[in-house]
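See below for the structure under consideration.
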Amino acid sequence: MSGIGVNIGQRPRTLRQRAVKVLWTAIWLVYLSAPVSDLLHGGHPSGVRALGWLGLVVFVTWYMLLVFRAGRGDRTVLVLGSLAVLTAQSVLLAVTLGREWLVLFVYVAIASGAALPSRLSRWSVPGACALMTAVAFAVPDGRDLLWGLLVPALLGGFAMTGVRELVRTTIALREARATVAHLAANEERLRLARDLHDLLGHSLSVITLKSELAGRMLPDHPDRAARQVADIEQVSRQALVDVREAVTGYRRLRLAGELGGARVALRAAGIVPELPDADDLGDVPEDAESALAWALREAVTNVVRHSGARRCTVEVVRRHTPDGQALELSVEDNGSGGSSSAPGNGLRGLAERLAAVGGTLETGPVRHGFRLAARVPVETAAGRGGGTA
């Protein structure tokens with residue numbers, strides 16, 4: 001139907017669609033048969049008949065332009081001026097040519113309902129009907145046709161008011177759908193950028209450290225250097241897998257796996273790791289565990305890169321809060337680099353990731369280093385897993 005029909009709330013884009021809209025607008029002009037018959041058989045002088053034809057053509061043209069352009073955001077003053085022209089033509093033609101021309105007021109009512117905002121059309125449609133009534137009493141035998149024209153004028157005018165509101169609602173829904181699609185695309189780009197930053201930042205830091213170690217070991221300990229190179233290959237392959245999973249949207253980290261990766265990264269940097277046992281975590285909702293796993297990865301990456309620490313302690317505990325139980329991950333080092341570092345893209349992305357699952361992020365210096373604490377709400381049975389502080 002996109003090539004032939006005209007969707008509600010959309011302007012016709014092709015010549016064929018314009019032709020269809022003109023056809024649907026012009027089909028209602030069949031009710032002008034009464035004025036046409038009056039011009040052909042009414043016995044008017046030739047000069048009056050010529051002026052009548054001219055007036056009818058101008059009225060139809062003006063009406064078609066006004067209705068065809070309804071809903072395009074034209075200024076209300078311009079629409080009111082056009083309706084005033086149509087009304088003046090209707091009065092003039094009806095008074096001079098006779099009662100058959102009262103039907104023009106029906107088109108004035110319909111045009112006002114189609115082109116004016118509802119706050120104005122609720123008055124303009126009855127106003128057109130009232131004017132038609134006054135003119136009907138002024139022309140000979142006009143009252144005989146009045147009741148047959150009042151109902152179509154009222155119903156047609158207010159029906160077009162409803163159609164106009166339907167068009168406006170459809171346009172608003174279409175714009176809202178486009179906005180939602182745009183926001184979804186932006187959110188997906190943000191997710192991808194955040195995941196790639198966290199994944200590659202961690203993996204590249206480990207690769208850099210192990211490359212430096214391999215370079216120092218190569219002259220005197222080639223066997224140990226070879227093991228470091230093998231570790232580099234393994235980390236690189238895992239990074240490639242992680243990136244592929246992140247791109248396809250299936251990446252979900254696990255705390256157990258990240259604790260193992262953190263141990264390897266910290267030891268490669270010469271930092272003593274103090275990590276909890278992954279088996280003591282208990283049941284944790286997937287989203288909450290994934291958010292904490294990302295927090296652990298980002299925190300360990302920052303410790304390796306910036307802290308200059310000799311020891312890093314990781315704790316995972318369950319805490320009672322006013323909102324219920326929460327699982328808290330804390331990463332604390334005894335270095336000096338973290339306390340002077342402003343929050344970067346990684347921490348901002350991590351805060352967004354935690355906020356998405358109702359969690360919070362706290363970072364700041366402590367007495368002998370720097371501490372990151374990530375907390376997410378969990379629903380667990382009493383007494384399951386972990387300690388309570």
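In the structure tokens, chains take letters A, B, ... by order of appearance, with residues numbered from 1 within each chain and ligands from 1 in the order shown.
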
Inset, instruction - From the DSSP assignment of the backbone, select every residue of range 46-289 of chain A that is alpha helix (DSSP H), and format the answer as a VMD selection string. - result: chain A and resid 46 to 68 76 to 97 104 to 115 118 to 138 143 to 217 222 to 248 255 to 268 286 to 289

Inset, instruction - Find the residue from A:Met217, A:Met160, A:Val180, A:Ala34 that sits nearest to Ser112 in chain A; use only C-alpha atoms when measuring. - result: A:Met160

Inset, instruction - Could you give me, as an MDAnalysis selection string, the residues within 12 Å of Gly148 in chain A, counting only C-alpha atoms and dropping anything in the same chain fewer than 5 positions from it? - result: chainID A and resid 100 102:103 106 129 132:133 136 142:143 153:155

Inset, instruction - Pull the strand (DSSP E or B) assignments for range 218-316 of chain A out of DSSP run on the backbone, and list those residues as a list in words. - result: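 Selecting the strand (DSSP E or B) positions of range 218-316 of chain A gives Val272, Pro273, Glu274, Arg311, Cys312, Thr313, Val314, Glu315 and Val316 of chain A.
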
Could you write out that same residue set with N, CA, C and O atoms as a short mmCIF file (atom, residue, chain, number, x, y, z; two decimals), in the first residue's frame?
data_model
loop_
_atom_site.label_atom_id
_atom_site.label_comp_id
_atom_site.auth_asym_id
_atom_site.auth_seq_id
_atom_site.Cartn_x
_atom_site.Cartn_y
_atom_site.Cartn_z
N VAL A 272 50.34 -8.32 45.33
CA VAL A 272 49.86 -9.48 46.08
C VAL A 272 48.33 -9.43 46.14
O VAL A 272 47.76 -8.49 46.68
N PRO A 273 47.65 -10.43 45.59
CA PRO A 273 46.18 -10.42 45.62
C PRO A 273 45.64 -11.10 46.89
O PRO A 273 46.13 -12.14 47.30
N GLU A 274 44.63 -10.50 47.48
CA GLU A 274 43.90 -11.10 48.58
C GLU A 274 42.43 -11.17 48.14
O GLU A 274 41.69 -10.19 48.24
N ARG A 311 49.78 -4.40 47.32
CA ARG A 311 48.78 -5.35 47.79
C ARG A 311 47.39 -4.85 47.37
O ARG A 311 47.11 -3.66 47.37
N CYS A 312 46.51 -5.79 47.02
CA CYS A 312 45.13 -5.45 46.64
C CYS A 312 44.20 -6.45 47.31
O CYS A 312 44.38 -7.67 47.18
N THR A 313 43.21 -5.94 48.03
CA THR A 313 42.26 -6.78 48.77
C THR A 313 40.88 -6.64 48.16
O THR A 313 40.38 -5.53 47.97
N VAL A 314 40.28 -7.78 47.88
CA VAL A 314 38.92 -7.82 47.31
C VAL A 314 38.02 -8.55 48.31
O VAL A 314 38.37 -9.62 48.80
N GLU A 315 36.87 -7.95 48.61
CA GLU A 315 35.90 -8.57 49.50
C GLU A 315 34.52 -8.52 48.86
O GLU A 315 34.16 -7.54 48.18
N VAL A 316 33.76 -9.58 49.07
CA VAL A 316 32.37 -9.63 48.62
C VAL A 316 31.53 -10.04 49.83
O VAL A 316 31.69 -11.14 50.36
#

Inset, instruction - Rank A:Leu347, A:Val85, A:Val125, A:Val304 by their smallest atom-to-atom distance to Gly157 in chain A, using only C-alpha atoms, and report the top residue only. - result: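 Among the listed residues, the smallest separation from Gly157 in chain A belongs to A:Val125.
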
Inset, instruction - List the neighbours of Val95 in chain A out to 12 Å using only C-alpha atoms; skip same-chain residues closer than 2 positions along the sequence, and give me the result as a ChimeraX atom specification. - result: /A:52,88-93,97-102,104,132,134-142

Inset, instruction - Check the smallest atom-to-atom distance from each of A:Ala356, A:Leu200, A:Ala225, A:Val303 to Arg371 in chain A using only C-alpha atoms, then report the winner. - result: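 Of A:Ala356, A:Leu200, A:Ala225, A:Val303, the one nearest Arg371 in chain A, counting only C-alpha atoms, is A:Val303.
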
Residue contacts of Thr363 in chain A (9 Å, only C-alpha atoms) excluding same-chain residues fewer than 3 positions away, as a compact mmCIF listing (two decimals) with C-alpha atoms, in the first residue's frame:
# COMPACT_ATOMS: atom_id res chain seq x y z
CA PRO A 343 36.99 9.57 37.45
CA LEU A 347 34.22 4.61 36.24
CA PHE A 370 42.26 3.79 47.34
CA ARG A 371 38.95 1.96 47.63
CA LEU A 372 36.16 1.15 45.19
CA ALA A 373 32.86 -0.19 46.51
CA ALA A 374 30.05 -1.42 44.27
